[in-house]
$ cat run.cif   # mmCIF, C-alpha atoms
data_structure
#
loop_
_atom_site.label_atom_id
_atom_site.label_comp_id
_atom_site.auth_asym_id
_atom_site.auth_seq_id
_atom_site.Cartn_x
_atom_site.Cartn_y
_atom_site.Cartn_z
CA MET A 1380 87.00 103.20 98.95
CA LYS A 1381 88.55 99.80 99.57
CA ASN A 1382 91.05 100.61 96.84
CA CYS A 1383 91.79 103.94 98.51
CA ASP A 1384 92.56 102.25 101.83
CA HIS A 1385 94.86 99.81 100.11
CA PHE A 1386 96.63 102.54 98.17
CA LYS A 1387 96.99 104.68 101.29
CA ASP A 1388 98.75 101.79 103.01
CA LEU A 1389 101.12 101.52 100.08
CA VAL A 1390 101.70 105.28 100.09
CA LEU A 1391 102.67 105.13 103.76
CA THR A 1392 105.24 102.42 103.18
CA ASP A 1393 106.53 100.94 99.94
CA TYR A 1394 105.54 103.74 97.59
CA ILE A 1395 106.98 106.63 99.58
CA ASP A 1396 110.14 104.58 100.15
CA GLY A 1397 110.55 103.56 96.51
CA GLU A 1398 110.22 99.87 97.33
CA LEU A 1399 107.03 99.25 95.34
CA ASP A 1400 106.97 96.92 92.35
CA LYS A 1401 106.87 98.88 89.07
CA ASN A 1402 103.48 97.53 87.95
CA LEU A 1403 101.85 98.23 91.29
CA ALA A 1404 103.44 101.66 91.39
CA GLY A 1405 101.95 102.33 87.95
CA SER A 1406 98.49 101.32 89.18
CA LEU A 1407 98.83 103.52 92.23
CA GLU A 1408 99.94 106.52 90.19
CA SER A 1409 96.96 106.08 87.86
CA HIS A 1410 94.74 106.02 90.93
CA LEU A 1411 96.38 109.17 92.30
CA LEU A 1412 95.55 110.98 89.08
CA ASP A 1413 91.87 110.10 89.47
CA CYS A 1414 91.45 110.35 93.24
CA SER A 1415 91.94 113.77 94.80
CA ASP A 1416 91.60 112.40 98.33
CA CYS A 1417 94.46 109.94 97.85
CA ARG A 1418 96.48 112.61 96.07
CA ALA A 1419 96.10 114.93 99.06
CA PHE A 1420 96.99 112.11 101.38
CA PHE A 1421 100.15 111.39 99.42
CA LYS A 1422 101.18 115.04 99.66
CA GLU A 1423 100.62 115.07 103.42
CA VAL A 1424 102.69 111.94 103.86
CA LYS A 1425 105.49 113.24 101.69
CA ASP A 1426 105.61 116.70 103.27
CA ASN A 1427 105.30 115.60 106.88
CA THR A 1428 106.95 112.22 107.16
CA ALA A 1429 109.59 112.16 104.45
CA LEU A 1430 110.81 115.63 103.52
CA PRO A 1431 111.79 116.83 107.03
CA PHE A 1432 114.23 113.94 107.34
CA GLN A 1433 115.68 114.34 103.87
CA GLN A 1434 116.85 117.83 104.69
CA VAL A 1435 118.80 116.77 107.76
CA LEU A 1436 122.51 117.40 107.60
CA HIS A 1437 124.79 115.04 109.43
CA GLN A 1438 126.09 116.50 112.66
CA PRO A 1439 129.87 116.69 113.02
CA VAL A 1440 131.39 114.12 115.31
CA PRO A 1441 132.58 115.76 118.56
CA VAL A 1442 136.33 116.32 118.39
CA GLY A 1443 137.20 114.59 121.64
CA LEU A 1444 135.47 111.30 120.83
CA TRP A 1445 138.50 109.56 119.30
CA ASP A 1446 140.76 110.64 122.17
CA THR A 1447 138.29 109.26 124.69
CA ILE A 1448 138.05 105.94 122.86
CA LYS A 1449 141.83 105.71 122.43
CA GLN A 1450 142.40 106.45 126.12
CA SER A 1451 139.85 103.80 127.10
CA ILE A 1452 141.60 101.21 124.94
CA GLU A 1453 145.04 102.14 126.27
CA HIS A 1454 143.74 102.09 129.84
CA GLU A 1455 142.21 98.67 129.21
CA ASN A 1456 145.41 97.34 127.70
CA GLN A 1457 147.45 98.60 130.66
CA ALA A 1458 145.01 97.06 133.09
CA VAL A 1459 145.06 93.79 131.23
CA SER A 1460 148.84 93.77 130.71
CA PRO A 1461 150.03 92.31 134.07
CA LEU A 1462 147.43 89.59 133.84
CA ALA A 1463 148.50 88.87 130.27
CA ASP A 1464 152.13 88.66 131.41
CA PHE A 1465 151.14 86.32 134.20
CA ILE A 1466 149.26 84.10 131.76
CA ASP A 1467 152.20 84.24 129.33
CA SER A 1468 154.55 83.09 132.05
CA PHE A 1469 152.28 80.15 132.62
CA LYS A 1470 152.06 79.40 128.94
CA GLY A 1471 155.53 77.84 129.10
CA LEU A 1472 154.21 75.45 131.66
CA PHE A 1473 151.12 74.77 129.65
CA VAL A 1474 153.31 73.89 126.67
CA PHE A 1475 155.74 71.78 128.71
CA PRO A 1476 153.32 68.94 129.52
CA ARG A 1477 153.16 68.14 125.82
CA LEU A 1478 156.85 67.17 126.03
CA VAL A 1479 156.55 65.33 129.31
CA PRO A 1480 155.75 61.92 127.74
CA VAL A 1481 158.76 62.29 125.45
CA PHE A 1482 161.09 63.18 128.31
CA ALA A 1483 159.61 60.48 130.50
CA SER A 1484 160.12 57.88 127.78
CA LEU A 1485 163.71 58.98 127.32
CA VAL A 1486 164.39 58.85 131.04
CA LEU A 1487 162.80 55.43 131.31
CA MET A 1488 164.80 54.16 128.35
CA LEU A 1489 168.01 55.53 129.87
CA LEU A 1490 167.15 54.00 133.21
CA ALA A 1491 166.29 50.65 131.66
CA GLY A 1492 169.47 50.78 129.58
CA SER A 1493 171.66 51.62 132.52
CA VAL A 1494 170.09 48.93 134.69
CA THR A 1495 170.56 46.32 131.96
CA LEU A 1496 174.14 47.42 131.37
CA ASN A 1497 174.83 47.36 135.07
CA THR A 1498 173.39 43.86 135.41
CA ILE A 1499 175.52 42.62 132.52
CA GLN A 1500 178.64 44.21 134.02
CA ILE A 1501 177.90 42.70 137.44
CA GLN A 1502 177.39 39.33 135.83
CA GLN A 1503 180.65 39.69 133.91
CA VAL A 1504 182.50 40.64 137.11
CA ARG A 1505 180.97 37.72 138.94
CA ASP A 1506 181.93 35.36 136.14
CA LYS A 1507 185.41 36.80 136.10
CA ASP A 1508 185.77 36.57 139.90
CA GLN A 1509 184.42 33.10 139.89
CA GLY A 1510 186.80 32.05 137.12
CA GLU A 1511 189.77 33.56 138.92
CA TYR A 1512 188.75 31.90 142.10
CA LEU A 1513 188.48 28.57 140.40
CA VAL A 1514 191.79 29.10 138.73
CA SER A 1515 193.31 29.79 142.09
CA LEU A 1516 191.71 26.70 143.46
CA LEU A 1517 193.01 24.63 140.61
CA GLY A 1518 196.42 26.19 141.06
CA SER A 1519 196.43 25.07 144.66
CA THR A 1520 196.15 21.40 143.62
CA GLY A 1521 199.42 21.52 141.73
CA PRO A 1522 201.15 23.75 139.23
CA SER A 1523 201.30 21.02 136.67
CA ALA A 1524 197.55 20.40 136.65
CA PRO A 1525 195.98 21.39 133.32
CA LEU A 1526 193.10 23.94 133.39
CA ASP A 1527 191.12 22.27 130.70
CA ASN A 1528 191.17 19.01 132.51
CA ASN A 1529 187.67 17.60 132.96
CA ASN A 1530 188.73 15.54 135.81
CA TRP A 1531 188.07 18.11 138.56
CA GLY A 1532 189.56 16.08 141.29
CA THR A 1533 188.16 17.85 144.38
CA PRO A 1534 184.59 17.95 145.71
CA ILE A 1535 184.36 21.72 145.55
CA GLU A 1536 185.37 21.76 141.90
CA HIS A 1537 182.78 19.19 141.24
CA TYR A 1538 180.19 21.23 143.07
CA PHE A 1539 180.83 24.45 141.21
CA LEU A 1540 181.67 23.29 137.77
CA MET B 1013 129.94 105.10 105.54
CA GLU B 1014 133.19 104.99 103.62
CA ASP B 1015 134.43 101.64 102.38
CA ILE B 1016 137.10 100.10 104.53
CA ALA B 1017 139.71 97.77 103.04
CA ARG B 1018 139.60 94.20 104.32
CA ASP B 1019 143.28 94.44 105.10
CA THR B 1020 142.65 97.45 107.35
CA LEU B 1021 139.93 95.56 109.21
CA ILE B 1022 142.20 92.56 109.69
CA ARG B 1023 145.04 94.71 111.00
CA ALA B 1024 142.64 96.54 113.31
CA SER B 1025 141.34 93.20 114.59
CA GLN B 1026 144.94 92.29 115.48
CA GLY B 1027 145.26 95.36 117.69
CA ASP B 1028 146.89 97.74 115.20
CA MET B 1029 145.79 101.14 116.59
CA GLN B 1030 146.57 103.02 113.37
CA ALA B 1031 144.29 100.66 111.43
CA PHE B 1032 141.63 101.00 114.11
CA GLU B 1033 141.85 104.77 113.82
CA ASP B 1034 141.25 104.39 110.07
CA VAL B 1035 138.15 102.31 110.85
CA TYR B 1036 137.02 105.02 113.25
CA LYS B 1037 137.55 107.78 110.70
CA ALA B 1038 135.55 105.90 108.08
CA SER B 1039 132.61 105.06 110.33
CA SER B 1040 132.44 107.56 113.18
CA SER B 1041 130.20 110.04 111.38
CA PHE B 1042 127.42 107.60 110.65
CA VAL B 1043 127.78 105.84 114.02
CA TYR B 1044 127.44 109.15 115.86
CA ASN B 1045 124.60 110.42 113.68
CA VAL B 1046 122.57 107.22 113.87
CA ALA B 1047 123.09 107.15 117.63
CA LEU B 1048 122.18 110.82 117.89
CA ARG B 1049 118.89 110.35 116.07
CA VAL B 1050 117.88 107.20 117.92
CA VAL B 1051 118.71 108.39 121.43
CA ASN B 1052 117.78 111.92 120.39
CA ASN B 1053 120.33 113.81 122.50
CA ARG B 1054 124.03 114.51 122.17
CA GLU B 1055 125.19 113.35 125.56
CA ASP B 1056 123.71 109.87 125.15
CA ALA B 1057 124.83 109.75 121.51
CA LEU B 1058 128.43 110.26 122.64
CA GLU B 1059 128.06 107.48 125.20
CA VAL B 1060 126.61 105.15 122.55
CA ALA B 1061 129.32 106.02 120.00
CA GLN B 1062 132.03 105.29 122.56
CA GLU B 1063 130.44 101.97 123.47
CA VAL B 1064 130.06 101.07 119.80
CA PHE B 1065 133.74 101.60 119.05
CA MET B 1066 134.83 99.71 122.15
CA THR B 1067 132.58 96.84 121.02
CA ILE B 1068 134.06 97.00 117.51
CA TYR B 1069 137.57 96.97 118.99
CA HIS B 1070 136.84 93.88 121.07
CA LYS B 1071 134.71 91.95 118.61
CA LEU B 1072 136.42 92.75 115.34
CA LYS B 1073 138.55 89.62 115.65
CA ASP B 1074 135.31 87.58 115.59
CA PHE B 1075 133.99 89.33 112.47
CA ARG B 1076 134.03 86.69 109.72
CA PHE B 1077 133.16 88.89 106.71
CA GLU B 1078 130.01 86.81 106.15
CA SER B 1079 127.89 89.96 106.31
CA SER B 1080 128.97 93.44 105.29
CA PHE B 1081 130.99 95.41 107.81
CA LYS B 1082 128.57 98.29 107.35
CA THR B 1083 125.56 96.19 108.34
CA TRP B 1084 127.51 94.80 111.30
CA VAL B 1085 128.37 98.29 112.56
CA TYR B 1086 124.81 99.51 111.96
CA ARG B 1087 123.52 96.61 114.05
CA ILE B 1088 125.89 97.32 116.94
CA THR B 1089 125.08 101.02 116.80
CA VAL B 1090 121.31 100.69 116.60
CA ASN B 1091 121.17 97.98 119.27
CA ASN B 1092 123.26 100.06 121.67
CA ALA B 1093 121.22 103.16 120.93
CA ILE B 1094 117.84 101.44 121.31
CA ASN B 1095 118.95 99.81 124.56
CA LEU B 1096 120.08 103.12 126.01
CA ALA B 1097 116.95 104.90 124.79
CA LYS B 1098 114.74 102.24 126.37
CA LYS B 1099 116.79 102.20 129.55
CA ASN B 1100 116.64 105.93 129.96
CA SER B 1101 113.05 106.10 128.75
CA ARG B 1102 113.33 109.79 129.14
CA VAL B 1103 113.03 112.26 126.34
CA LYS B 1104 115.42 115.13 126.73
CA THR B 1105 113.96 117.08 123.87
CA VAL B 1106 112.18 120.35 124.05
CA PRO B 1107 108.42 120.10 123.57
CA TYR B 1108 107.04 121.47 120.33
CA GLU B 1109 105.57 124.50 122.01
CA ASP B 1110 108.82 125.47 123.70
CA SER B 1111 110.98 125.03 120.66
CA PHE B 1112 108.95 127.51 118.66
CA GLY B 1113 108.10 130.00 121.35
CA PRO B 1114 105.57 129.95 124.17
CA HIS B 1115 102.57 130.37 121.94
CA ALA B 1116 103.62 128.17 119.13
CA GLY B 1117 102.07 124.76 118.79
CA HIS B 1118 101.45 122.05 116.27
CA SER B 1119 99.90 124.50 113.89
CA GLN B 1120 103.16 126.34 113.57
CA LEU B 1121 104.87 123.17 112.52
CA PHE B 1122 102.24 121.64 110.36
CA GLY B 1123 99.39 124.07 110.16
CA GLU B 1124 98.34 126.56 107.58
CA GLY B 1125 101.00 128.92 106.43
CA ALA B 1126 103.66 126.53 107.60
CA VAL B 1127 103.85 124.14 104.69
CA LEU B 1128 107.18 122.41 105.04
CA ASN B 1129 108.34 123.25 101.54
CA GLU B 1130 108.10 126.92 102.41
CA ALA B 1131 109.41 126.47 105.90
CA GLN B 1132 112.52 124.71 104.68
CA THR B 1133 113.56 127.74 102.70
CA ARG B 1134 113.64 129.93 105.79
CA MET B 1135 114.65 127.48 108.43
CA ASP B 1136 118.29 127.31 109.09
CA GLN B 1137 119.89 123.94 109.62
CA GLU B 1138 119.73 124.15 113.37
CA HIS B 1139 116.03 124.78 113.27
CA GLN B 1140 115.57 121.90 110.86
CA SER B 1141 117.56 119.64 113.09
CA GLN B 1142 115.43 120.66 116.04
CA LEU B 1143 112.29 119.85 114.07
CA VAL B 1144 113.56 116.38 113.26
CA GLU B 1145 114.56 115.90 116.88
CA ASN B 1146 111.04 116.81 117.95
CA LEU B 1147 109.41 114.55 115.40
CA LEU B 1148 111.59 111.61 116.43
CA ALA B 1149 110.81 112.26 120.08
CA GLU B 1150 107.21 111.34 119.34
CA LEU B 1151 108.20 107.82 118.34
CA ASN B 1152 109.28 104.89 120.48
CA PRO B 1153 112.92 103.72 120.13
CA ASP B 1154 112.09 100.82 117.77
CA GLN B 1155 110.07 103.06 115.45
CA ARG B 1156 112.75 105.73 115.66
CA ALA B 1157 115.44 103.28 114.60
CA CYS B 1158 113.43 102.29 111.51
CA VAL B 1159 112.76 105.89 110.54
CA VAL B 1160 116.38 106.89 111.04
CA LEU B 1161 117.71 103.98 109.01
CA ARG B 1162 115.18 104.54 106.22
CA ASN B 1163 114.68 108.28 106.03
CA ILE B 1164 118.05 109.60 107.16
CA GLN B 1165 120.49 106.80 106.34
CA GLY B 1166 118.63 105.64 103.22
CA LEU B 1167 118.74 101.90 103.92
CA SER B 1168 116.41 99.60 102.00
CA TYR B 1169 113.76 97.54 103.81
CA GLU B 1170 115.94 94.47 103.38
CA GLU B 1171 118.96 96.20 104.90
CA ILE B 1172 116.90 97.50 107.81
CA ALA B 1173 115.53 94.00 108.43
CA GLN B 1174 119.09 92.59 108.46
CA THR B 1175 120.39 95.37 110.69
CA LEU B 1176 117.64 95.04 113.27
CA ASN B 1177 117.36 91.29 112.80
CA ILE B 1178 113.61 91.50 112.23
CA ASN B 1179 111.19 90.41 109.51
CA ILE B 1180 110.83 92.74 106.53
CA ASN B 1181 107.10 93.02 107.22
CA THR B 1182 107.91 94.19 110.74
CA VAL B 1183 109.97 96.95 109.13
CA ARG B 1184 106.93 97.91 107.02
CA SER B 1185 104.66 97.80 110.02
CA ARG B 1186 106.96 99.96 112.19
CA LEU B 1187 107.39 102.53 109.43
CA LYS B 1188 103.67 102.64 108.81
CA ARG B 1189 102.86 103.19 112.47
CA SER B 1190 105.61 105.80 112.77
CA ARG B 1191 104.19 107.77 109.86
CA GLU B 1192 100.65 107.45 111.14
CA LYS B 1193 101.88 108.83 114.44
CA LEU B 1194 103.64 111.75 112.73
CA LEU B 1195 100.52 112.47 110.67
CA SER B 1196 98.37 112.36 113.77
CA LEU B 1197 100.36 115.30 115.16
CA ARG B 1198 99.10 117.34 112.28
CA PRO B 1199 96.07 119.37 113.35
CA ASN B 1200 92.83 118.85 111.50
CA PHE B 1201 94.20 115.77 109.89
CA SER B 1202 92.34 112.56 110.22
CA TYR B 1203 93.56 109.25 109.01
CA GLU B 1204 91.79 106.23 110.31
CA HIS B 1205 92.73 102.78 109.21
#
$ encode --input "run.cif" --output "structure tokens"
Amino acid sequence: MKNCDHFKDLVLTDYIDGELDKNLAGSLESHLLDCSDCRAFFKEVKDNTALPFQQVLHQPVPVGLWDTIKQSIEHENQAVSPLADFIDSFKGLFVFPRLVPVFASLVLMLLAGSVTLNTIQIQQVRDKDQGEYLVSLLGSTGPSAPLDNNNWGTPIEHYFL
Amino acid sequence: MEDIARDTLIRASQGDMQAFEDVYKASSSFVYNVALRVVNNREDALEVAQEVFMTIYHKLKDFRFESSFKTWVYRITVNNAINLAKKNSRVKTVPYEDSFGPHAGHSQLFGEGAVLNEAQTRMDQEHQSQLVENLLAELNPDQRACVVLRNIQGLSYEEIAQTLNININTVRSRLKRSREKLLSLRPNFSYEH
């Protein structure tokens, strides 16, 4: 009887579904040959829980299903489109910050370069002006006075040079 | 379900509508039929099938080919169908008695003189389909999903476990209880365990 209960459980699941191990299936089939009660049970299970489903034909898919799905997708895409465009327009800005450090560095370098160049030019102009001024001063002491003379002669020459 | 080329799936995942239509053509029959049997009525089956394909369209780009596409689609279909069936928790099927006339009852389905082997020879397909619909209506959505995947779709226990994301012994247990329930509908049949 205990065996019968065990075999009935197997009939309801693994055996009827063809999932039972070959050896165990062999044991069960031997038992079915000897036990009329289990044999009747197997027939009931097969006829009432397996066969009705095996005979079922697949139902045809309703014709309009694809059109409905396609329309839903197209509708979704249209609805999403302006938002996507909006996001796309912002994408340029989202990409731009990656280049900001590069541009900033370039601008800073240009600024630093121009400031340095400007300073040098101003210095050169000052030196030039100063030289000319001194020359004019020296000239005022006498046309014959040599420029490379270390004897400056006047207090202002002494002060500046 | 027909096999679908990986290339087709990739193109469909990138928004190629022609490729997506190919995916639909290859899988719509089993999606609709699984849905139909789990929700057990055409109107809800259509709703489920539509939801399933919208989900496939949106999530296909996340599909990594780690599991089979078939199992993935089965899972989406069965989950959607079970959820709708549970949500509705209404059975739109005709009771046994009504589907076989006012005086017909269980005995006409399972009783003497109505052995299924004989009945199948005279039942047309519509009648057979109605019978299955009525049998499935007796089960809860989880049991129904197991029976549909095993008895109609022919999936193995392992495949059912993967599809429903449950233990293989839970598959056994649900099938066993489903069959006990179906047997209990049979008059003069006693099975106590």
$ resolve_selection --input "run.cif" --expression "the PyMOL selection byres ((chain A) within 10 of (chain B))" --output "count of residues only"
41
$ atom_distance --input "run.cif" --atom1 "atom CA of His1454 of chain A" --atom2 "atom CA of Phe1075 of chain B"
23.7 Å
$ atom_distance --input "run.cif" --atom1 "atom CA of Leu1021 of chain B" --atom2 "atom CA of Lys1073 of chain B"
8.9 Å
$ closest_residue --input "run.cif" --among "B:Glu1014, B:Ala1031, B:Asp1056, B:Leu1161" --to "Lys1099 of chain B" --atoms "only C-alpha atoms"
B:Asp1056
$ atom_distance --input "run.cif" --atom1 "atom CA of Thr1175 of chain B" --atom2 "atom CA of Thr1083 of chain B"
5.7 Å
$ closest_residue --input "run.cif" --among "B:Ile1022, B:Val1090, B:Ile1172, B:Leu1072" --to "Val1050 of chain B" --atoms "all atoms listed in the file"
B:Val1090
$ decode --input "run.cif" --residues "segment 1380-1391 of chain A" --atoms "all heavy atoms" --output "PDB file, in the first residue's frame"
ATOM      1  N   MET A1380       0.835  -1.207   0.000  1.00  0.00           N
ATOM      2  CA  MET A1380       0.000   0.000   0.000  1.00  0.00           C
ATOM      3  C   MET A1380       0.867   1.254   0.000  1.00  0.00           C
ATOM      4  O   MET A1380       0.617   2.217  -0.704  1.00  0.00           O
ATOM      5  CB  MET A1380      -0.921  -0.009   1.222  1.00  0.00           C
ATOM      6  CG  MET A1380      -1.987   1.081   1.182  1.00  0.00           C
ATOM      7  SD  MET A1380      -3.049   0.889  -0.275  1.00  0.00           S
ATOM      8  CE  MET A1380      -3.929   2.425  -0.260  1.00  0.00           C
ATOM      9  N   LYS A1381       1.952   1.183   0.808  1.00  0.00           N
ATOM     10  CA  LYS A1381       2.878   2.310   0.860  1.00  0.00           C
ATOM     11  C   LYS A1381       3.500   2.511  -0.510  1.00  0.00           C
ATOM     12  O   LYS A1381       3.652   3.624  -0.999  1.00  0.00           O
ATOM     13  CB  LYS A1381       3.945   2.036   1.924  1.00  0.00           C
ATOM     14  CG  LYS A1381       4.736   3.273   2.272  1.00  0.00           C
ATOM     15  CD  LYS A1381       5.790   2.958   3.297  1.00  0.00           C
ATOM     16  CE  LYS A1381       6.652   4.194   3.545  1.00  0.00           C
ATOM     17  NZ  LYS A1381       7.769   3.871   4.454  1.00  0.00           N
ATOM     18  N   ASN A1382       3.849   1.371  -1.143  1.00  0.00           N
ATOM     19  CA  ASN A1382       4.407   1.412  -2.493  1.00  0.00           C
ATOM     20  C   ASN A1382       3.418   2.039  -3.454  1.00  0.00           C
ATOM     21  O   ASN A1382       3.789   2.830  -4.314  1.00  0.00           O
ATOM     22  CB  ASN A1382       4.740  -0.007  -2.971  1.00  0.00           C
ATOM     23  CG  ASN A1382       6.211  -0.303  -2.757  1.00  0.00           C
ATOM     24  OD1 ASN A1382       6.971   0.571  -2.368  1.00  0.00           O
ATOM     25  ND2 ASN A1382       6.590  -1.546  -3.020  1.00  0.00           N
ATOM     26  N   CYS A1383       2.157   1.668  -3.312  1.00  0.00           N
ATOM     27  CA  CYS A1383       1.110   2.192  -4.200  1.00  0.00           C
ATOM     28  C   CYS A1383       1.026   3.709  -4.088  1.00  0.00           C
ATOM     29  O   CYS A1383       0.955   4.406  -5.103  1.00  0.00           O
ATOM     30  CB  CYS A1383      -0.245   1.564  -3.873  1.00  0.00           C
ATOM     31  SG  CYS A1383      -0.368  -0.160  -4.387  1.00  0.00           S
ATOM     32  N   ASP A1384       1.044   4.217  -2.842  1.00  0.00           N
ATOM     33  CA  ASP A1384       0.974   5.668  -2.657  1.00  0.00           C
ATOM     34  C   ASP A1384       2.153   6.368  -3.342  1.00  0.00           C
ATOM     35  O   ASP A1384       1.996   7.381  -4.001  1.00  0.00           O
ATOM     36  CB  ASP A1384       0.970   6.017  -1.160  1.00  0.00           C
ATOM     37  CG  ASP A1384      -0.351   5.641  -0.508  1.00  0.00           C
ATOM     38  OD1 ASP A1384      -1.340   5.427  -1.260  1.00  0.00           O
ATOM     39  OD2 ASP A1384      -0.398   5.536   0.732  1.00  0.00           O
ATOM     40  N   HIS A1385       3.313   5.776  -3.152  1.00  0.00           N
ATOM     41  CA  HIS A1385       4.524   6.338  -3.750  1.00  0.00           C
ATOM     42  C   HIS A1385       4.426   6.317  -5.272  1.00  0.00           C
ATOM     43  O   HIS A1385       4.717   7.328  -5.937  1.00  0.00           O
ATOM     44  CB  HIS A1385       5.737   5.524  -3.274  1.00  0.00           C
ATOM     45  CG  HIS A1385       7.021   5.947  -3.911  1.00  0.00           C
ATOM     46  ND1 HIS A1385       7.539   7.221  -3.771  1.00  0.00           N
ATOM     47  CD2 HIS A1385       7.894   5.260  -4.706  1.00  0.00           C
ATOM     48  CE1 HIS A1385       8.681   7.308  -4.452  1.00  0.00           C
ATOM     49  NE2 HIS A1385       8.912   6.139  -5.033  1.00  0.00           N
ATOM     50  N   PHE A1386       3.986   5.208  -5.811  1.00  0.00           N
ATOM     51  CA  PHE A1386       3.878   5.091  -7.270  1.00  0.00           C
ATOM     52  C   PHE A1386       2.795   6.020  -7.828  1.00  0.00           C
ATOM     53  O   PHE A1386       2.949   6.570  -8.908  1.00  0.00           O
ATOM     54  CB  PHE A1386       3.616   3.643  -7.690  1.00  0.00           C
ATOM     55  CG  PHE A1386       4.858   2.786  -7.622  1.00  0.00           C
ATOM     56  CD1 PHE A1386       4.832   1.526  -7.017  1.00  0.00           C
ATOM     57  CD2 PHE A1386       6.054   3.224  -8.182  1.00  0.00           C
ATOM     58  CE1 PHE A1386       5.968   0.739  -6.958  1.00  0.00           C
ATOM     59  CE2 PHE A1386       7.198   2.434  -8.126  1.00  0.00           C
ATOM     60  CZ  PHE A1386       7.162   1.189  -7.510  1.00  0.00           C
ATOM     61  N   LYS A1387       1.731   6.196  -7.054  1.00  0.00           N
ATOM     62  CA  LYS A1387       0.669   7.103  -7.522  1.00  0.00           C
ATOM     63  C   LYS A1387       1.184   8.547  -7.597  1.00  0.00           C
ATOM     64  O   LYS A1387       0.823   9.292  -8.517  1.00  0.00           O
ATOM     65  CB  LYS A1387      -0.560   7.016  -6.601  1.00  0.00           C
ATOM     66  CG  LYS A1387      -1.409   5.786  -6.896  1.00  0.00           C
ATOM     67  CD  LYS A1387      -2.604   5.702  -5.967  1.00  0.00           C
ATOM     68  CE  LYS A1387      -3.445   4.471  -6.305  1.00  0.00           C
ATOM     69  NZ  LYS A1387      -4.577   4.287  -5.377  1.00  0.00           N
ATOM     70  N   ASP A1388       2.015   8.898  -6.635  1.00  0.00           N
ATOM     71  CA  ASP A1388       2.623  10.240  -6.680  1.00  0.00           C
ATOM     72  C   ASP A1388       3.473  10.399  -7.936  1.00  0.00           C
ATOM     73  O   ASP A1388       3.441  11.445  -8.595  1.00  0.00           O
ATOM     74  CB  ASP A1388       3.511  10.460  -5.442  1.00  0.00           C
ATOM     75  CG  ASP A1388       2.708  10.985  -4.265  1.00  0.00           C
ATOM     76  OD1 ASP A1388       1.521  11.312  -4.465  1.00  0.00           O
ATOM     77  OD2 ASP A1388       3.276  11.055  -3.158  1.00  0.00           O
ATOM     78  N   LEU A1389       4.225   9.359  -8.243  1.00  0.00           N
ATOM     79  CA  LEU A1389       5.080   9.418  -9.436  1.00  0.00           C
ATOM     80  C   LEU A1389       4.244   9.451 -10.716  1.00  0.00           C
ATOM     81  O   LEU A1389       4.592  10.132 -11.676  1.00  0.00           O
ATOM     82  CB  LEU A1389       6.038   8.213  -9.469  1.00  0.00           C
ATOM     83  CG  LEU A1389       7.143   8.204  -8.409  1.00  0.00           C
ATOM     84  CD1 LEU A1389       7.959   6.915  -8.483  1.00  0.00           C
ATOM     85  CD2 LEU A1389       8.069   9.410  -8.579  1.00  0.00           C
ATOM     86  N   VAL A1390       3.139   8.709 -10.693  1.00  0.00           N
ATOM     87  CA  VAL A1390       2.244   8.701 -11.866  1.00  0.00           C
ATOM     88  C   VAL A1390       1.707  10.104 -12.117  1.00  0.00           C
ATOM     89  O   VAL A1390       1.641  10.572 -13.255  1.00  0.00           O
ATOM     90  CB  VAL A1390       1.090   7.691 -11.661  1.00  0.00           C
ATOM     91  CG1 VAL A1390      -0.063   7.962 -12.617  1.00  0.00           C
ATOM     92  CG2 VAL A1390       1.589   6.256 -11.853  1.00  0.00           C
ATOM     93  N   LEU A1391       1.347  10.790 -11.029  1.00  0.00           N
ATOM     94  CA  LEU A1391       0.766  12.136 -11.155  1.00  0.00           C
ATOM     95  C   LEU A1391       1.753  13.189 -11.657  1.00  0.00           C
ATOM     96  O   LEU A1391       1.348  14.227 -12.147  1.00  0.00           O
ATOM     97  CB  LEU A1391       0.243  12.600  -9.793  1.00  0.00           C
ATOM     98  CG  LEU A1391      -1.160  12.185  -9.402  1.00  0.00           C
ATOM     99  CD1 LEU A1391      -1.438  12.589  -7.954  1.00  0.00           C
ATOM    100  CD2 LEU A1391      -2.204  12.803 -10.316  1.00  0.00           C
TER     101      LEU A1391
END
